[in-house]
Amino acid sequence: MSAPLTSDAVASAFHDACLAELDALKPGNVHRYAEGHGMDVADFEKSAAAAAPSIGAAGLTVGERIEAAVRATRGVVSHNTNLGIVLFAAPLAQAALISAGKDLQPALTEVLQSLTVEDAKSAYRAIRWAEPGGLGSATEHDVAAEPTATLLEAMRAARSHDRVAWNYAHDFVDVFDLGLKWRNGGKARWGDVPWVTTYVYLGFLAHIPDTLIERKFGAHMAGEVLVEARPIEAGLSQSQNPMDMAAPLAAFDASLKNRGLNPGTSADLTVATLFASALIAG
């Protein structure tokens, strides 16, 4: 990236990433081929449109960006559709808006290192507004209390049970070292088609226990889903024509939804990957 992106460009990149994720068959998650978990595609389309201006807005801190995007989202839907997406997107957007002549990843590291207690206060308010599933309580930096640590410090404390927090603590390594690798490899194999997004999503699902499932159903179930995803991911990665995997993917999708299992963190990581890819392309 040779220059900062405009607010409109960042907002558009975020909106496009959210819609592109909906176009992909993502087992267990909401997509255009099948809804689930009491949510439909329209909820996520409305959420993307509502949150995008705040994600791209000039002059906001990361925390303000998170809070404004979540509040805008709750103005159009009555349940949590994009908290994880927004938590990933806000620092990425901040890095893109300020990084003149720098790569996105080093700029992101600077953004994360500069997070403040005020960022944490804004993010905590957003989390309380969103009411994410399986959140529970914490002995340290509980979101029900007023934070006294920076947002990065709070995320470091939560990294053992939340993959979004883990990525804050590790400079979004899942996005830059895994997600973008899978996206680039899929594009080289099949072209820029929705199956590439499915491939990215399955990569996360088959290699990283989904922490939304873990919080709601326990580590054993998250591990079971990871094991179930691996042969599906391997089959897709070896396919010359990804359509050949449509039936196994649909069957896995139905199986997860019948059990009430939603790999939401894998979906959040997928949107973050698509968004980062667009920001890097400029």
# chains A, B, ... in the order shown; residues from 1 in each chain; ligands from 1
$ residues_around --residues "A:Ser237" --least-positions-apart "5" --cutoff "10 Å" --atoms "only C-alpha atoms" --output "VMD selection string"
chain A and resid 182 185 to 186 189 196 199 202 to 203 231 to 232 242 245
$ closest_atom_pairs --of "stretch 181-227 of chain A" --to "stretch 22-41 of chain A" --cutoff "10 Å" --atoms "only C-alpha atoms" --output "CSV"
residue,atom,partner,partner_atom,distance
A:Val193,CA,A:Ala24,CA,8.8
A:Pro194,CA,A:Ala24,CA,5.0
A:Trp195,CA,A:Ala24,CA,6.2
A:Val196,CA,A:Ala24,CA,8.1
A:Thr197,CA,A:Ala24,CA,5.9
A:Thr198,CA,A:Ala24,CA,5.4
A:Tyr199,CA,A:Lys26,CA,8.9
A:Val200,CA,A:Lys26,CA,9.6
A:Tyr201,CA,A:Lys26,CA,6.7
A:Leu202,CA,A:Lys26,CA,7.5
A:Leu205,CA,A:Pro27,CA,9.3
A:Val225,CA,A:Gly28,CA,10.0
$ write_last_selection --atoms "N, CA, C and O atoms" --output "PDB file, in the first residue's frame"
ATOM      1  N   VAL A 193     -13.570 -16.466  -7.471  1.00  0.00           N
ATOM      2  CA  VAL A 193     -14.938 -16.976  -7.392  1.00  0.00           C
ATOM      3  C   VAL A 193     -15.298 -17.224  -5.930  1.00  0.00           C
ATOM      4  O   VAL A 193     -14.415 -17.331  -5.070  1.00  0.00           O
ATOM      5  N   PRO A 194     -16.596 -17.330  -5.588  1.00  0.00           N
ATOM      6  CA  PRO A 194     -16.985 -17.542  -4.198  1.00  0.00           C
ATOM      7  C   PRO A 194     -16.407 -18.795  -3.561  1.00  0.00           C
ATOM      8  O   PRO A 194     -16.270 -18.856  -2.335  1.00  0.00           O
ATOM      9  N   TRP A 195     -16.059 -19.796  -4.376  1.00  0.00           N
ATOM     10  CA  TRP A 195     -15.459 -21.003  -3.810  1.00  0.00           C
ATOM     11  C   TRP A 195     -14.141 -20.700  -3.098  1.00  0.00           C
ATOM     12  O   TRP A 195     -13.739 -21.428  -2.186  1.00  0.00           O
ATOM     13  N   VAL A 196     -13.466 -19.636  -3.497  1.00  0.00           N
ATOM     14  CA  VAL A 196     -12.226 -19.259  -2.813  1.00  0.00           C
ATOM     15  C   VAL A 196     -12.534 -18.860  -1.375  1.00  0.00           C
ATOM     16  O   VAL A 196     -11.797 -19.216  -0.439  1.00  0.00           O
ATOM     17  N   THR A 197     -13.635 -18.147  -1.180  1.00  0.00           N
ATOM     18  CA  THR A 197     -14.037 -17.770   0.175  1.00  0.00           C
ATOM     19  C   THR A 197     -14.394 -18.999   0.985  1.00  0.00           C
ATOM     20  O   THR A 197     -14.055 -19.102   2.175  1.00  0.00           O
ATOM     21  N   THR A 198     -15.086 -19.961   0.377  1.00  0.00           N
ATOM     22  CA  THR A 198     -15.370 -21.228   1.053  1.00  0.00           C
ATOM     23  C   THR A 198     -14.070 -21.897   1.483  1.00  0.00           C
ATOM     24  O   THR A 198     -13.963 -22.437   2.594  1.00  0.00           O
ATOM     25  N   TYR A 199     -13.069 -21.874   0.616  1.00  0.00           N
ATOM     26  CA  TYR A 199     -11.772 -22.487   0.899  1.00  0.00           C
ATOM     27  C   TYR A 199     -11.090 -21.800   2.093  1.00  0.00           C
ATOM     28  O   TYR A 199     -10.535 -22.475   2.972  1.00  0.00           O
ATOM     29  N   VAL A 200     -11.152 -20.471   2.138  1.00  0.00           N
ATOM     30  CA  VAL A 200     -10.587 -19.740   3.271  1.00  0.00           C
ATOM     31  C   VAL A 200     -11.304 -20.129   4.567  1.00  0.00           C
ATOM     32  O   VAL A 200     -10.667 -20.428   5.590  1.00  0.00           O
ATOM     33  N   TYR A 201     -12.616 -20.120   4.511  1.00  0.00           N
ATOM     34  CA  TYR A 201     -13.429 -20.469   5.683  1.00  0.00           C
ATOM     35  C   TYR A 201     -13.115 -21.880   6.178  1.00  0.00           C
ATOM     36  O   TYR A 201     -12.918 -22.100   7.385  1.00  0.00           O
ATOM     37  N   LEU A 202     -13.064 -22.837   5.266  1.00  0.00           N
ATOM     38  CA  LEU A 202     -12.753 -24.214   5.652  1.00  0.00           C
ATOM     39  C   LEU A 202     -11.336 -24.336   6.211  1.00  0.00           C
ATOM     40  O   LEU A 202     -11.067 -25.166   7.087  1.00  0.00           O
ATOM     41  N   LEU A 205     -11.702 -23.360   9.735  1.00  0.00           N
ATOM     42  CA  LEU A 205     -12.512 -24.335  10.447  1.00  0.00           C
ATOM     43  C   LEU A 205     -11.760 -25.648  10.681  1.00  0.00           C
ATOM     44  O   LEU A 205     -11.944 -26.301  11.707  1.00  0.00           O
ATOM     45  N   VAL A 225     -15.719 -30.643  15.606  1.00  0.00           N
ATOM     46  CA  VAL A 225     -16.044 -29.947  14.357  1.00  0.00           C
ATOM     47  C   VAL A 225     -14.790 -29.760  13.510  1.00  0.00           C
ATOM     48  O   VAL A 225     -14.819 -29.928  12.279  1.00  0.00           O
TER      49      VAL A 225
END
$ residues_around --residues "A:Ile66" --least-positions-apart "5" --cutoff "12 Å" --atoms "only C-alpha atoms" --output "PyMOL selection string"
chain A and resi 51-57+60-61+71-73+82-94+118-130+151
$ write_last_selection --atoms "C-alpha atoms" --output "short mmCIF file (atom, residue, chain, number, x, y, z; two decimals), in the first residue's frame"
data_model
loop_
_atom_site.label_atom_id
_atom_site.label_comp_id
_atom_site.auth_asym_id
_atom_site.auth_seq_id
_atom_site.Cartn_x
_atom_site.Cartn_y
_atom_site.Cartn_z
CA ALA A 51 -21.64 -0.69 9.84
CA ALA A 52 -19.62 0.25 6.74
CA PRO A 53 -19.72 4.07 7.12
CA SER A 54 -18.39 3.85 10.69
CA ILE A 55 -15.68 1.37 9.72
CA GLY A 56 -14.45 3.77 7.05
CA ALA A 57 -15.09 7.08 8.82
CA LEU A 60 -12.31 8.04 14.79
CA THR A 61 -10.25 5.98 17.18
CA ARG A 71 -24.61 0.80 17.46
CA ALA A 72 -25.47 1.37 13.81
CA THR A 73 -25.91 -2.37 13.35
CA ASN A 82 -21.21 -8.76 13.20
CA LEU A 83 -19.44 -8.03 16.50
CA GLY A 84 -16.47 -10.24 15.66
CA ILE A 85 -16.30 -8.84 12.14
CA VAL A 86 -16.28 -5.28 13.49
CA LEU A 87 -13.62 -6.08 16.11
CA PHE A 88 -11.37 -7.38 13.32
CA ALA A 89 -12.25 -4.65 10.83
CA ALA A 90 -11.80 -1.56 13.00
CA PRO A 91 -8.01 -1.83 13.50
CA LEU A 92 -7.51 -2.94 9.89
CA ALA A 93 -9.44 0.12 8.72
CA GLN A 94 -7.46 2.37 11.07
CA GLU A 118 -10.64 4.78 26.11
CA ASP A 119 -10.60 2.31 23.21
CA ALA A 120 -11.37 -0.43 25.72
CA LYS A 121 -14.26 1.53 27.21
CA SER A 122 -15.80 2.05 23.77
CA ALA A 123 -15.28 -1.58 22.77
CA TYR A 124 -16.78 -2.85 26.05
CA ARG A 125 -19.87 -0.73 25.46
CA ALA A 126 -20.12 -2.20 21.96
CA ILE A 127 -19.79 -5.75 23.27
CA ARG A 128 -22.52 -5.15 25.83
CA TRP A 129 -24.74 -3.75 23.08
CA ALA A 130 -24.10 -6.71 20.80
CA LEU A 151 -7.94 -2.63 24.74
#
$ closest_residue --among "A:Ala11, A:Gly282, A:Asn184, A:Ala272" --to "A:Asn167" --atoms "only C-alpha atoms"
A:Ala272
$ closest_residue --among "A:Val164, A:Ala206, A:Ala247, A:Ala69" --to "A:Glu233" --atoms "only C-alpha atoms"
A:Ala206
$ atom_distance --atom1 "atom CA of A:Ile213" --atom2 "atom CA of A:Ala154"
21.3 Å
$ closest_residue --among "A:Ala95, A:His220, A:Asn80, A:Ser12" --to "A:Ala107" --atoms "only C-alpha atoms"
A:Ala95
$ atom_distance --atom1 "atom CA of A:Arg163" --atom2 "atom CA of A:Ala188"
27.8 Å
$ select_by_dssp --residues "stretch 21-83 of chain A" --states "strand (DSSP E or B)" --output "ChimeraX atom specification"
/A:31,34,36,39
$ closest_residue --among "A:Gln113, A:Ser78, A:Ser277, A:Thr270" --to "A:Tyr168" --atoms "only C-alpha atoms"
A:Gln113
$ atom_distance --atom1 "atom CA of A:Leu152" --atom2 "atom CA of A:Phe176"
18.4 Å
$ select_by_dssp --residues "stretch 95-199 of chain A" --states "helix (DSSP H, G or I)" --output "ChimeraX atom specification"
/A:95-98,104-113,117-130,151-158,163-169,173-190,194-199
$ closest_residue --among "A:Val111, A:Met221, A:Ala165, A:Leu180" --to "A:Arg259" --atoms "only C-alpha atoms"
A:Met221
$ closest_residue --among "A:Met243, A:Asp16, A:Gly63, A:Ser47" --to "A:Thr150" --atoms "only C-alpha atoms"
A:Gly63
